Amino acid sequence: MSAHGTVGIVLVSHSAALAKGAAELASQVSGGAVAVLAAGGTDDGGIGTSIDKVARAVKLADAGAGVLILPDLGSSVLTALALLEAPEDLPALIELADAPFVEGAVAATVTAAGGADLAAVRAAAEEARYVSKF
């Protein structure tokens with residue numbers, strides 16, 4: 001377990017509703033022990049992504065142990081990468097996961113709730129792609 005709190009999770013989606021729903025699910029399975037924030041949709045409420053929303057969510061999710069960003073697809077990845085290229089007053093430890101959105105969010109959140117470090121939380125999210133549903 002990190003001496004600096006748990007790893008925070010930021011879910012970046014083109015849809016505010018999708019990001020919010022995935023964040024609610026992930027938060028529930030961790031018992032609320034992990035900051036899971038949604039950064040979905042554009043600033044004006046449309047479909048798309050917002051670097052400002054992602055930056056705000058990353059700052060709010062940081063509890064000192066780092067923040068894992070999980071994008072849904074396409075330009076959400078580009079938005080997260082752009083944020084990492086110009087990290088104005090962002091937490092020092094931020095990683096981006098190449099993971100399935102919902103399954104990755106749940107795996108990351110459960111792992112973070114157990115006190116794992118950022119590398120382990122990212123690995124759990126990325127390994128979720130191999131978990132069979134049947």
# chains A, B, ... in the order shown; residues from 1 in each chain; ligands from 1

call {"tool": "residues_around", "arguments": {"residues": "A:Ser27", "least_positions_apart": "2", "cutoff": "10 Å", "atoms": "only C-alpha atoms", "output": "ChimeraX atom specification"}}
result
/A:9,21-25,29-37,105-106,109-110,113

call {"tool": "select_by_dssp", "arguments": {"residues": "chain A", "states": "alpha helix (DSSP H)", "output": "NGL selection string"}}
result
:A and (16-29 or 51-61 or 75-85 or 101-113 or 118-127)

call {"tool": "atom_distance", "arguments": {"atom1": "atom CA of A:Pro71", "atom2": "atom CA of A:Pro100"}}
result
8.7 Å

call {"tool": "closest_residue", "arguments": {"among": "A:Val54, A:Ala112, A:Ala120, A:Ile69", "to": "A:Gly5", "atoms": "only C-alpha atoms"}}
result
A:Ala112

call {"tool": "closest_residue", "arguments": {"among": "A:Leu70, A:Ile51, A:Leu78, A:Leu83", "to": "A:Glu126", "atoms": "only C-alpha atoms"}}
result
A:Leu70

call {"tool": "closest_residue", "arguments": {"among": "A:Ile47, A:Ala116, A:Ala128, A:Ala16", "to": "A:Ser75", "atoms": "only C-alpha atoms"}}
result
A:Ile47

call {"tool": "select_by_dssp", "arguments": {"residues": "stretch 12-59 of chain A", "states": "strand (DSSP E)", "output": "list in words"}}
result
Val12, Ser13, Val36, Leu37, Ala38, Ala39 and Gly40 of chain A

call {"tool": "closest_residue", "arguments": {"among": "A:Ala80, A:Ala125, A:Ala17, A:Ala61", "to": "A:Val102", "atoms": "only C-alpha atoms"}}
result
A:Ala125

call {"tool": "closest_residue", "arguments": {"among": "A:Ala92, A:Ala65, A:Val12, A:Glu85", "to": "A:Val121", "atoms": "only C-alpha atoms"}}
result
A:Ala65

call {"tool": "closest_residue", "arguments": {"among": "A:Asp52, A:Pro91, A:Ala97, A:Lys20", "to": "A:Gly40", "atoms": "only C-alpha atoms"}}
result
A:Lys20

call {"tool": "atom_distance", "arguments": {"atom1": "atom CA of A:Leu93", "atom2": "atom CA of A:Thr6"}}
result
12.1 Å

call {"tool": "residues_around", "arguments": {"residues": "A:Glu127", "least_positions_apart": "4", "cutoff": "8 Å", "atoms": "only C-alpha atoms", "output": "list of chain:residue names"}}
result
A:Ala99, A:Gly104, A:Ala123, A:Val131

call {"tool": "atom_distance", "arguments": {"atom1": "atom CA of A:Ala38", "atom2": "atom CA of A:Leu60"}}
result
10.6 Å
